[in-house]
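coords21.txt follows (compact mmCIF, C-alpha atoms):
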```
# COMPACT_ATOMS: atom_id res chain seq x y z
CA MET A 18 61.03 -46.29 -12.66
CA GLU A 19 57.73 -48.14 -13.19
CA ASP A 20 55.77 -44.98 -12.61
CA TRP A 21 57.85 -42.86 -14.97
CA GLY A 22 54.93 -42.68 -17.36
CA GLU A 23 52.83 -41.02 -14.71
CA TRP A 24 55.33 -38.31 -14.01
CA GLU A 25 54.24 -35.33 -16.04
CA ALA A 26 57.40 -33.98 -17.60
CA VAL A 27 57.68 -30.25 -18.18
CA MET A 28 58.09 -29.55 -21.89
CA VAL A 29 58.68 -26.63 -24.20
CA HIS A 30 56.98 -26.38 -27.58
CA GLN A 31 57.71 -23.57 -30.02
CA ASP A 32 56.03 -22.79 -33.32
CA GLU A 33 55.13 -19.71 -35.35
CA PHE A 34 52.65 -18.28 -37.82
CA THR A 35 52.53 -15.32 -40.16
CA LEU A 36 49.95 -12.63 -40.84
CA ALA A 37 49.53 -10.43 -43.90
CA THR A 38 48.51 -6.90 -42.89
CA HIS A 39 47.28 -4.13 -45.18
CA ARG A 40 47.23 -0.83 -43.29
CA HIS A 41 48.13 1.09 -40.16
CA GLY A 42 45.79 0.29 -37.27
CA GLU A 43 44.64 -3.06 -38.62
CA MET A 44 43.80 -5.55 -35.89
CA HIS A 45 43.86 -9.35 -36.18
CA ASP A 46 42.28 -11.80 -33.76
CA ILE A 47 45.10 -14.32 -33.27
CA THR A 48 43.40 -16.38 -30.55
CA GLY A 49 42.77 -19.28 -32.95
CA ASN A 50 46.36 -19.30 -34.24
CA VAL A 51 47.76 -19.43 -30.70
CA ALA A 52 45.14 -21.94 -29.49
CA GLU A 53 46.07 -24.33 -32.29
CA ILE A 54 49.75 -24.25 -31.30
CA VAL A 55 48.78 -24.81 -27.65
CA ALA A 56 46.65 -27.83 -28.69
CA ASN A 57 49.49 -29.23 -30.81
CA SER A 58 51.93 -28.88 -27.91
CA GLY A 59 50.26 -31.55 -25.82
CA ILE A 60 50.86 -29.35 -22.78
CA THR A 61 48.09 -29.42 -20.17
CA THR A 62 49.12 -26.86 -17.55
CA GLY A 63 51.47 -23.93 -18.09
CA MET A 64 51.90 -20.77 -20.09
CA ALA A 65 51.88 -19.59 -23.71
CA ASN A 66 53.91 -16.60 -24.83
CA MET A 67 53.32 -14.87 -28.16
CA PHE A 68 56.05 -12.61 -29.53
CA HIS A 69 55.99 -10.44 -32.63
CA VAL A 70 59.39 -10.37 -34.32
CA GLY A 71 59.69 -6.75 -35.43
CA SER A 72 59.63 -3.23 -34.00
CA THR A 73 56.38 -1.75 -35.42
CA GLY A 74 53.69 -4.27 -34.43
CA SER A 75 52.21 -5.25 -31.07
CA VAL A 76 50.13 -7.86 -29.30
CA GLY A 77 47.77 -7.99 -26.33
CA VAL A 78 44.24 -8.88 -25.26
CA ILE A 79 40.94 -7.11 -25.88
CA GLU A 80 37.28 -7.86 -26.42
CA PHE A 81 37.61 -8.35 -30.16
CA GLU A 82 34.51 -6.58 -31.49
CA PRO A 83 34.26 -3.91 -34.23
CA GLY A 84 33.91 -0.97 -31.84
CA LEU A 85 37.13 -1.63 -29.94
CA GLN A 86 38.90 -2.63 -33.16
CA ARG A 87 38.35 0.99 -34.18
CA ASP A 88 38.89 2.52 -30.72
CA LEU A 89 42.27 1.00 -29.87
CA PRO A 90 44.16 2.17 -32.99
CA GLU A 91 42.48 5.58 -32.66
CA LEU A 92 43.63 5.77 -29.05
CA PHE A 93 47.22 5.08 -30.05
CA ASP A 94 47.08 7.67 -32.85
CA ARG A 95 45.69 10.23 -30.41
CA LEU A 96 48.29 9.58 -27.70
CA ILE A 97 51.18 9.05 -30.13
CA PRO A 98 50.26 10.80 -33.42
CA PRO A 99 52.24 10.72 -36.65
CA SER A 100 54.57 13.73 -36.84
CA ARG A 101 57.66 14.97 -38.66
CA ASP A 102 59.10 16.19 -35.33
CA TYR A 103 60.27 12.87 -33.92
CA GLY A 104 64.02 12.27 -33.79
CA HIS A 105 63.55 8.99 -35.61
CA GLU A 106 61.79 10.76 -38.50
CA GLN A 107 64.49 13.39 -38.85
CA ALA A 108 67.11 10.65 -39.22
CA TRP A 109 65.23 8.06 -41.26
CA HIS A 110 62.36 9.83 -43.10
CA ASP A 111 60.19 6.72 -43.24
CA GLY A 112 57.13 8.30 -41.64
CA ASN A 113 56.66 5.62 -39.00
CA SER A 114 58.17 7.03 -35.81
CA HIS A 115 54.76 6.84 -34.14
CA SER A 116 54.57 3.17 -35.22
CA HIS A 117 57.74 2.36 -33.29
CA LEU A 118 56.61 4.25 -30.19
CA GLN A 119 53.11 2.75 -30.23
CA ALA A 120 54.52 -0.77 -30.55
CA THR A 121 57.00 -0.24 -27.72
CA LEU A 122 54.31 1.10 -25.38
CA GLN A 123 51.78 -1.66 -26.12
CA SER A 124 54.50 -4.38 -26.32
CA PRO A 125 55.20 -7.13 -28.89
CA SER A 126 55.15 -9.83 -26.17
CA PHE A 127 52.22 -11.28 -24.24
CA THR A 128 51.90 -14.29 -21.94
CA ALA A 129 48.66 -16.14 -21.12
CA PRO A 130 48.12 -19.20 -18.91
CA VAL A 131 47.19 -22.68 -20.14
CA ALA A 132 44.98 -25.07 -18.12
CA ALA A 133 43.30 -28.33 -19.16
CA GLY A 134 45.21 -28.09 -22.44
CA ARG A 135 43.65 -24.74 -23.41
CA LEU A 136 44.35 -21.03 -23.08
CA ILE A 137 42.64 -19.50 -20.07
CA LEU A 138 40.83 -16.44 -21.43
CA GLY A 139 37.66 -14.66 -20.44
CA THR A 140 34.61 -14.88 -22.71
CA TRP A 141 35.25 -11.36 -23.99
CA GLN A 142 39.03 -11.56 -23.94
CA GLN A 143 40.79 -12.34 -27.22
CA LEU A 144 44.44 -12.20 -28.26
CA PHE A 145 45.18 -9.59 -30.92
CA PHE A 146 47.92 -8.39 -33.22
CA LEU A 147 47.91 -4.65 -33.98
CA GLU A 148 49.67 -3.35 -37.09
CA ASN A 149 51.34 -0.12 -35.99
CA ASP A 150 53.34 0.41 -39.19
CA VAL A 151 52.15 2.57 -42.10
CA LYS A 152 52.32 0.05 -44.94
CA PRO A 153 51.36 -3.59 -45.64
CA ARG A 154 53.63 -6.05 -43.89
CA THR A 155 54.06 -9.80 -43.47
CA ARG A 156 54.22 -10.38 -39.74
CA ARG A 157 55.83 -13.24 -37.87
CA ILE A 158 54.51 -14.33 -34.45
CA VAL A 159 56.52 -16.88 -32.44
CA VAL A 160 54.51 -18.87 -29.87
CA THR A 161 56.33 -20.65 -27.04
CA VAL A 162 54.32 -23.00 -24.83
CA TYR A 163 55.80 -24.48 -21.66
CA GLY A 164 54.37 -26.62 -18.93
CA ASP A 165 53.49 -30.23 -18.22
CA MET B 19 68.68 -45.12 -19.83
CA GLU B 20 71.27 -45.22 -22.60
CA ASP B 21 69.53 -42.42 -24.44
CA TRP B 22 69.25 -40.20 -21.38
CA GLY B 23 71.77 -37.86 -22.91
CA GLU B 24 69.51 -37.32 -25.86
CA TRP B 25 66.52 -36.36 -23.78
CA GLU B 26 66.51 -32.59 -23.64
CA ALA B 27 65.66 -31.73 -20.06
CA VAL B 28 63.86 -28.48 -19.36
CA MET B 29 66.06 -26.23 -17.23
CA VAL B 30 65.93 -22.88 -15.50
CA HIS B 31 68.91 -20.56 -15.43
CA GLN B 32 68.90 -17.27 -13.53
CA ASP B 33 71.52 -14.56 -13.46
CA GLU B 34 71.65 -10.78 -13.20
CA PHE B 35 73.59 -7.70 -14.18
CA THR B 36 73.72 -4.08 -13.06
CA LEU B 37 73.67 -0.78 -14.92
CA ALA B 38 74.87 2.64 -13.77
CA THR B 39 72.53 5.37 -14.98
CA HIS B 40 73.10 9.11 -14.91
CA ARG B 41 69.88 10.96 -15.69
CA HIS B 42 66.13 10.78 -16.27
CA GLY B 43 65.28 9.43 -19.70
CA GLU B 44 68.59 7.64 -20.25
CA MET B 45 68.26 4.50 -22.35
CA HIS B 46 70.57 1.48 -22.32
CA ASP B 47 70.72 -1.25 -24.96
CA ILE B 48 70.74 -4.39 -22.79
CA THR B 49 70.48 -6.90 -25.66
CA GLY B 50 74.11 -7.97 -25.22
CA ASN B 51 73.77 -8.42 -21.46
CA VAL B 52 70.72 -10.62 -21.85
CA ALA B 53 72.16 -12.52 -24.83
CA GLU B 54 75.24 -13.42 -22.81
CA ILE B 55 73.12 -14.91 -20.01
CA VAL B 56 71.08 -16.84 -22.60
CA ALA B 57 74.31 -18.21 -24.12
CA ASN B 58 75.64 -19.20 -20.70
CA SER B 59 72.39 -21.01 -19.85
CA GLY B 60 72.95 -23.73 -22.44
CA ILE B 61 69.23 -23.53 -23.21
CA THR B 62 68.33 -24.04 -26.88
CA THR B 63 64.57 -23.47 -27.07
CA GLY B 64 62.50 -21.47 -24.61
CA MET B 65 62.06 -18.02 -23.16
CA ALA B 66 64.10 -15.31 -21.45
CA ASN B 67 62.52 -12.89 -19.00
CA MET B 68 64.25 -9.70 -17.91
CA PHE B 69 63.01 -7.97 -14.77
CA HIS B 70 64.11 -4.67 -13.29
CA VAL B 71 64.12 -4.77 -9.49
CA GLY B 72 62.79 -1.33 -8.58
CA SER B 73 59.79 0.91 -9.15
CA THR B 74 61.20 3.75 -11.28
CA GLY B 75 62.85 1.99 -14.24
CA SER B 76 61.42 0.01 -17.14
CA VAL B 77 62.34 -2.41 -19.91
CA GLY B 78 61.05 -3.27 -23.39
CA VAL B 79 62.03 -3.47 -27.04
CA ILE B 80 62.70 -0.75 -29.60
CA GLU B 81 64.87 -0.06 -32.62
CA PHE B 82 67.79 1.24 -30.61
CA GLU B 83 68.91 4.25 -32.65
CA PRO B 84 69.56 7.84 -31.50
CA GLY B 85 66.25 9.23 -32.79
CA LEU B 86 64.04 6.84 -30.84
CA GLN B 87 66.36 7.04 -27.82
CA ARG B 88 65.28 10.69 -27.71
CA ASP B 89 61.65 10.12 -28.76
CA LEU B 90 60.65 7.48 -26.22
CA PRO B 91 61.64 9.39 -23.05
CA GLU B 92 60.11 12.57 -24.56
CA LEU B 93 56.88 10.64 -25.20
CA PHE B 94 56.71 9.51 -21.59
CA ASP B 95 57.40 13.04 -20.31
CA ARG B 96 54.65 14.39 -22.57
CA LEU B 97 52.05 11.80 -21.53
CA ILE B 98 53.12 11.69 -17.87
CA PRO B 99 54.92 14.96 -17.09
CA PRO B 100 56.66 15.87 -13.84
CA SER B 101 54.28 17.79 -11.56
CA ARG B 102 53.82 18.79 -7.93
CA ASP B 103 50.14 17.79 -8.16
CA TYR B 104 50.51 14.03 -7.91
CA GLY B 105 49.36 12.37 -4.68
CA HIS B 106 52.74 10.66 -4.39
CA GLU B 107 54.54 14.02 -4.53
CA GLN B 108 52.35 15.59 -1.86
CA ALA B 109 53.21 12.73 0.50
CA TRP B 110 56.87 12.11 -0.33
CA HIS B 111 58.29 15.29 -1.94
CA ASP B 112 60.92 13.42 -3.92
CA GLY B 113 59.96 14.85 -7.32
CA ASN B 114 59.65 11.50 -9.06
CA SER B 115 55.93 10.71 -9.14
CA HIS B 116 56.04 10.74 -12.94
CA SER B 117 58.95 8.26 -12.77
CA HIS B 118 56.81 5.75 -10.89
CA LEU B 119 53.86 6.15 -13.25
CA GLN B 120 56.00 5.94 -16.40
CA ALA B 121 57.70 2.78 -15.15
CA THR B 122 54.38 1.14 -14.24
CA LEU B 123 52.87 1.91 -17.66
CA GLN B 124 55.89 0.72 -19.66
CA SER B 125 56.57 -2.24 -17.28
CA PRO B 126 59.76 -3.48 -15.59
CA SER B 127 59.28 -7.01 -17.00
CA PHE B 128 59.70 -8.28 -20.56
CA THR B 129 59.79 -11.78 -22.03
CA ALA B 130 61.40 -12.76 -25.36
CA PRO B 131 61.67 -16.19 -27.00
CA VAL B 132 64.86 -18.21 -27.39
CA ALA B 133 65.50 -20.50 -30.38
CA ALA B 134 68.70 -22.23 -31.52
CA GLY B 135 70.31 -21.01 -28.31
CA ARG B 136 69.73 -17.32 -29.10
CA LEU B 137 67.16 -14.62 -28.47
CA ILE B 138 64.68 -14.28 -31.33
CA LEU B 139 64.65 -10.58 -32.16
CA GLY B 140 64.07 -8.64 -35.36
CA THR B 141 66.99 -6.86 -37.01
CA TRP B 142 65.74 -3.53 -35.68
CA GLN B 143 64.44 -4.81 -32.37
CA GLN B 144 66.68 -4.39 -29.33
CA LEU B 145 66.06 -4.83 -25.61
CA PHE B 146 66.31 -1.62 -23.61
CA PHE B 147 66.36 -0.33 -20.06
CA LEU B 148 64.85 3.13 -19.57
CA GLU B 149 65.79 5.19 -16.51
CA ASN B 150 62.55 6.85 -15.41
CA ASP B 151 63.91 8.24 -12.14
CA VAL B 152 65.30 11.76 -11.76
CA LYS B 153 68.76 10.99 -10.37
CA PRO B 154 71.67 8.59 -11.04
CA ARG B 155 70.92 5.06 -9.96
CA THR B 156 72.55 1.63 -9.94
CA ARG B 157 70.02 -0.68 -11.56
CA ARG B 158 69.66 -4.43 -11.13
CA ILE B 159 68.20 -6.57 -13.92
CA VAL B 160 67.40 -10.24 -13.18
CA VAL B 161 67.32 -12.52 -16.23
CA THR B 162 65.55 -15.88 -16.02
CA VAL B 163 65.94 -18.30 -18.92
CA TYR B 164 63.86 -21.47 -19.13
CA GLY B 165 63.55 -24.14 -21.76
CA ASP B 166 65.36 -27.21 -23.03
CA MET C 21 70.15 -43.01 -10.14
CA GLU C 22 71.29 -42.63 -6.52
CA ASP C 23 71.53 -38.89 -6.92
CA TRP C 24 68.12 -38.52 -8.52
CA GLY C 25 66.90 -36.78 -5.39
CA GLU C 26 69.47 -34.09 -5.84
CA TRP C 27 68.42 -33.29 -9.37
CA GLU C 28 66.05 -30.36 -9.14
CA ALA C 29 63.18 -31.12 -11.48
CA VAL C 30 61.47 -28.26 -13.27
CA MET C 31 57.82 -28.05 -12.20
CA VAL C 32 54.71 -26.07 -12.98
CA HIS C 33 52.26 -25.04 -10.27
CA GLN C 34 49.01 -23.22 -11.02
CA ASP C 35 46.47 -21.77 -8.61
CA GLU C 36 44.13 -18.82 -8.47
CA PHE C 37 42.42 -16.36 -6.16
CA THR C 38 39.53 -13.93 -6.41
CA LEU C 39 39.07 -10.28 -5.45
CA ALA C 40 35.89 -8.36 -4.79
CA THR C 41 36.12 -4.82 -6.18
CA HIS C 42 33.75 -1.94 -5.54
CA ARG C 43 34.47 0.91 -7.97
CA HIS C 44 36.35 2.12 -11.01
CA GLY C 45 39.99 2.89 -10.22
CA GLU C 46 40.19 0.71 -7.13
CA MET C 47 43.63 -0.77 -6.58
CA HIS C 48 44.46 -3.97 -4.67
CA ASP C 49 47.89 -5.00 -3.43
CA ILE C 50 48.04 -8.65 -4.56
CA THR C 51 51.66 -9.28 -3.55
CA GLY C 52 50.62 -11.43 -0.59
CA ASN C 53 48.18 -13.51 -2.67
CA VAL C 54 50.83 -14.25 -5.27
CA ALA C 55 53.58 -14.82 -2.69
CA GLU C 56 51.46 -17.44 -0.93
CA ILE C 57 50.98 -19.39 -4.16
CA VAL C 58 54.72 -19.14 -4.86
CA ALA C 59 55.46 -20.50 -1.35
CA ASN C 60 52.97 -23.35 -1.81
CA SER C 61 54.54 -24.30 -5.15
CA GLY C 62 57.79 -25.48 -3.58
CA ILE C 63 59.61 -23.85 -6.51
CA THR C 64 62.94 -22.26 -5.63
CA THR C 65 64.13 -20.60 -8.84
CA GLY C 66 61.95 -19.53 -11.73
CA MET C 67 59.09 -17.23 -12.65
CA ALA C 68 55.57 -16.40 -11.51
CA ASN C 69 52.96 -15.11 -13.94
CA MET C 70 49.73 -13.50 -12.79
CA PHE C 71 46.87 -13.21 -15.26
CA HIS C 72 43.52 -11.51 -14.84
CA VAL C 73 40.75 -13.42 -16.61
CA GLY C 74 38.62 -10.63 -18.05
CA SER C 75 38.89 -7.63 -20.35
CA THR C 76 38.37 -4.65 -18.00
CA GLY C 77 40.95 -5.19 -15.24
CA SER C 78 44.74 -5.02 -15.23
CA VAL C 79 47.83 -5.95 -13.24
CA GLY C 80 51.37 -4.61 -12.81
CA VAL C 81 53.85 -3.32 -10.25
CA ILE C 82 53.99 -0.04 -8.37
CA GLU C 83 55.07 1.36 -5.02
CA PHE C 84 51.78 0.62 -3.29
CA GLU C 85 51.23 3.76 -1.22
CA PRO C 86 48.12 6.00 -1.03
CA GLY C 87 49.51 8.73 -3.31
CA LEU C 88 50.19 6.46 -6.27
CA GLN C 89 46.99 4.51 -5.61
CA ARG C 90 45.25 7.77 -6.47
CA ASP C 91 47.67 8.87 -9.21
CA LEU C 92 47.62 5.76 -11.39
CA PRO C 93 43.84 5.54 -11.89
CA GLU C 94 43.74 9.32 -12.43
CA LEU C 95 46.45 8.99 -15.07
CA PHE C 96 44.47 6.36 -16.94
CA ASP C 97 41.29 8.47 -16.77
CA ARG C 98 43.21 11.48 -18.11
CA LEU C 99 44.85 9.59 -21.00
CA ILE C 100 41.79 7.43 -21.76
CA PRO C 101 38.70 9.24 -20.40
CA PRO C 102 35.16 7.94 -20.32
CA SER C 103 33.24 9.10 -23.40
CA ARG C 104 30.16 8.32 -25.45
CA ASP C 105 32.22 8.67 -28.65
CA TYR C 106 34.00 5.33 -28.59
CA GLY C 107 32.95 2.75 -31.17
CA HIS C 108 32.47 0.21 -28.39
CA GLU C 109 30.03 2.53 -26.60
CA GLN C 110 27.96 3.17 -29.69
CA ALA C 111 27.50 -0.56 -30.16
CA TRP C 112 27.13 -1.74 -26.55
CA HIS C 113 26.04 1.26 -24.42
CA ASP C 114 27.59 -0.10 -21.24
CA GLY C 115 29.67 2.99 -20.45
CA ASN C 116 32.95 1.14 -20.07
CA SER C 117 34.82 1.60 -23.35
CA HIS C 118 37.59 3.42 -21.49
CA SER C 119 37.76 0.45 -19.10
CA HIS C 120 38.56 -1.92 -21.96
CA LEU C 121 41.16 0.41 -23.46
CA GLN C 122 42.84 1.13 -20.12
CA ALA C 123 43.07 -2.59 -19.34
CA THR C 124 44.51 -3.42 -22.76
CA LEU C 125 47.17 -0.71 -22.48
CA GLN C 126 48.23 -1.61 -18.92
CA SER C 127 47.88 -5.40 -19.55
CA PRO C 128 46.15 -8.16 -17.56
CA SER C 129 49.35 -10.27 -17.48
CA PHE C 130 52.54 -9.73 -15.51
CA THR C 131 55.58 -11.94 -14.90
CA ALA C 132 58.03 -11.64 -11.98
CA PRO C 133 61.07 -13.77 -11.12
CA VAL C 134 61.34 -16.18 -8.19
CA ALA C 135 64.62 -16.83 -6.35
CA ALA C 136 65.27 -18.64 -3.06
CA GLY C 137 61.61 -19.64 -3.08
CA ARG C 138 60.34 -16.04 -3.06
CA LEU C 139 59.29 -13.35 -5.52
CA ILE C 140 62.13 -10.99 -6.37
CA LEU C 141 60.68 -7.51 -5.86
CA GLY C 142 62.19 -4.21 -4.81
CA THR C 143 61.37 -2.81 -1.38
CA TRP C 144 58.98 -0.30 -2.96
CA GLN C 145 57.70 -2.57 -5.70
CA GLN C 146 54.38 -4.34 -5.11
CA LEU C 147 52.09 -6.30 -7.41
CA PHE C 148 48.70 -4.67 -7.98
CA PHE C 149 45.32 -5.32 -9.53
CA LEU C 150 43.57 -2.25 -10.95
CA GLU C 151 39.80 -2.29 -11.44
CA ASN C 152 39.23 -0.50 -14.75
CA ASP C 153 35.52 -1.31 -15.01
CA VAL C 154 32.74 1.01 -13.81
CA LYS C 155 30.90 -1.28 -11.41
CA PRO C 156 31.69 -3.79 -8.63
CA ARG C 157 33.12 -7.03 -9.95
CA THR C 158 34.43 -10.34 -8.68
CA ARG C 159 37.84 -10.76 -10.24
CA ARG C 160 39.76 -13.95 -10.92
CA ILE C 161 43.56 -13.98 -11.01
CA VAL C 162 45.36 -17.12 -12.20
CA VAL C 163 48.94 -17.53 -10.95
CA THR C 164 51.30 -19.90 -12.77
CA VAL C 165 54.68 -20.63 -11.16
CA TYR C 166 57.35 -22.56 -13.04
CA GLY C 167 60.93 -23.40 -12.23
CA ASP C 168 62.93 -25.88 -10.17
```

Taking this structure as input, can you express it in the form of structure tokens?
Amino acid sequence: MEDWGEWEAVMVHQDEFTLATHRHGEMHDITGNVAEIVANSGITTGMANMFHVGSTGSVGVIEFEPGLQRDLPELFDRLIPPSRDYGHEQAWHDGNSHSHLQATLQSPSFTAPVAAGRLILGTWQQLFFLENDVKPRTRRIVVTVYGD
Amino acid sequence: MEDWGEWEAVMVHQDEFTLATHRHGEMHDITGNVAEIVANSGITTGMANMFHVGSTGSVGVIEFEPGLQRDLPELFDRLIPPSRDYGHEQAWHDGNSHSHLQATLQSPSFTAPVAAGRLILGTWQQLFFLENDVKPRTRRIVVTVYGD
Amino acid sequence: MEDWGEWEAVMVHQDEFTLATHRHGEMHDITGNVAEIVANSGITTGMANMFHVGSTGSVGVIEFEPGLQRDLPELFDRLIPPSRDYGHEQAWHDGNSHSHLQATLQSPSFTAPVAAGRLILGTWQQLFFLENDVKPRTRRIVVTVYGD
């Protein structure tokens, strides 16, 4: 067992952070939040998953610049517009059926690789949270890092 | 090695379940199926991935209530309608080109975090399987849980 | 410790490959590339994640036949067409706003399970890379395999 210390044990590290959002279509660059949890994990090689706990917000990657921060929410509102005709609206009357559908299509879960103790991302590739709901929310993102 | 028992070893646990589906657009709440495999794994902190083996069904998360169970399949059929004009249809004539495209866009793979031995999900956030194909199918979902 | 050798340790194995693409909408079957890295990992049971480093390319699964290789890029160009009206275009003038949006919606990250040392995939379910950008690119895909 003398070389135990050189065996790189696979570990799991889980932490979370919250975001305060103000309006439908608001985007947050969460790369720094996730990168900090990856750094704290001590994990060198592996994966990091980010998961939004809730049914009307989503995550993913994009070049996080003002143009696309406008384009992506507009795209979702064009493909999946607000409407009174959704089944969800007719039952619940909370005006956010499109929020649910947008979040399901984009996904609240995203996984990125970790190498040399850092997220592997392209230069123009940032992690984002997109507020799909129609009112201000406090959002919870759980980050799970695993690797050795 | 006296404290070996207190060292939480990272493990992998893999199991699967099947679903019988009856029609295009049918949704199944698979939260219970996945939660049972997570519970059986003995894993406290980590991730659970669910993967549909097949090219015309998809998984994800949604508030699993009757309105959205109608809205989500209708959304997919509006964005990606059945048609004889697809290249796949002209070659294969099986009437399910839109099924393939819907399943690819939504994805047959989804990953959710595990904490305190349970899936982390919002109150209105359930795991679903969506039948995108046009005929009854027996569907196989592989669940892989990893963590300590 | 005599039975140490029979304890299957959880491992992480990471490798990558590159693709040369020629045009917008070009699809590559990357199942073989990923399968080779899975085989080299020595991992029997677990997961394999593939991640495209860059903001205008995407990955996923599809029945990789000529019809759908035409249909999927056409679908993305119908839902998210090229246009001068995107905010990204007005700022950057590189004609690929739709490329960014298509890649974000489809996702540059995909996770598939591994069992018996091989990817679990359906007979008509292959892993693909889709070139969403508008010019030839050299693409980098990082594959991370974890399990025991």

Neighbours of chain C in chain A at 7 Å, counting all atoms listed in the file, as a ChimeraX atom specification: /A:27,63,77-80,84-85,87-89,123,128-130,138-139,141-142,164-165

Include C-alpha atoms and write out the residues we just selected as a PDB file, in the frame of the given file.
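File produced: out08.pdb:
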```pdb
ATOM      1  CA  VAL A  27      57.680 -30.250 -18.180  1.00  0.00           C
ATOM      2  CA  GLY A  63      51.470 -23.930 -18.090  1.00  0.00           C
ATOM      3  CA  GLY A  77      47.770  -7.990 -26.330  1.00  0.00           C
ATOM      4  CA  VAL A  78      44.240  -8.880 -25.260  1.00  0.00           C
ATOM      5  CA  ILE A  79      40.940  -7.110 -25.880  1.00  0.00           C
ATOM      6  CA  GLU A  80      37.280  -7.860 -26.420  1.00  0.00           C
ATOM      7  CA  GLY A  84      33.910  -0.970 -31.840  1.00  0.00           C
ATOM      8  CA  LEU A  85      37.130  -1.630 -29.940  1.00  0.00           C
ATOM      9  CA  ARG A  87      38.350   0.990 -34.180  1.00  0.00           C
ATOM     10  CA  ASP A  88      38.890   2.520 -30.720  1.00  0.00           C
ATOM     11  CA  LEU A  89      42.270   1.000 -29.870  1.00  0.00           C
ATOM     12  CA  GLN A 123      51.780  -1.660 -26.120  1.00  0.00           C
ATOM     13  CA  THR A 128      51.900 -14.290 -21.940  1.00  0.00           C
ATOM     14  CA  ALA A 129      48.660 -16.140 -21.120  1.00  0.00           C
ATOM     15  CA  PRO A 130      48.120 -19.200 -18.910  1.00  0.00           C
ATOM     16  CA  LEU A 138      40.830 -16.440 -21.430  1.00  0.00           C
ATOM     17  CA  GLY A 139      37.660 -14.660 -20.440  1.00  0.00           C
ATOM     18  CA  TRP A 141      35.250 -11.360 -23.990  1.00  0.00           C
ATOM     19  CA  GLN A 142      39.030 -11.560 -23.940  1.00  0.00           C
ATOM     20  CA  GLY A 164      54.370 -26.620 -18.930  1.00  0.00           C
ATOM     21  CA  ASP A 165      53.490 -30.230 -18.220  1.00  0.00           C
TER      22      ASP A 165
END
```

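Taking atom CA of Ser75 of chain A and atom CA of Phe96 of chain C as endpoints, the distance between them is 19.9 Å.
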
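We find atom CA of His45 of chain A and atom CA of Ala133 of chain B to be spaced 25.0 Å apart.
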
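The point (73.3, -10.0, -27.4) has these residues within 12 Å of it when all atoms listed in the file are used: B:Asp47, B:Ile48, B:Thr49, B:Gly50, B:Asn51, B:Val52, B:Ala53, B:Glu54, B:Ile55, B:Val56, B:Ala57, B:Asn58, B:Val132, B:Gly135, B:Arg136, B:Leu137, B:Ile138, B:Leu139, B:Thr141, B:Gln143, B:Gln144, B:Leu145, B:Phe146.
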
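Atom CA of Phe147 of chain B lies 24.5 Å from atom CA of Glu85 of chain C.
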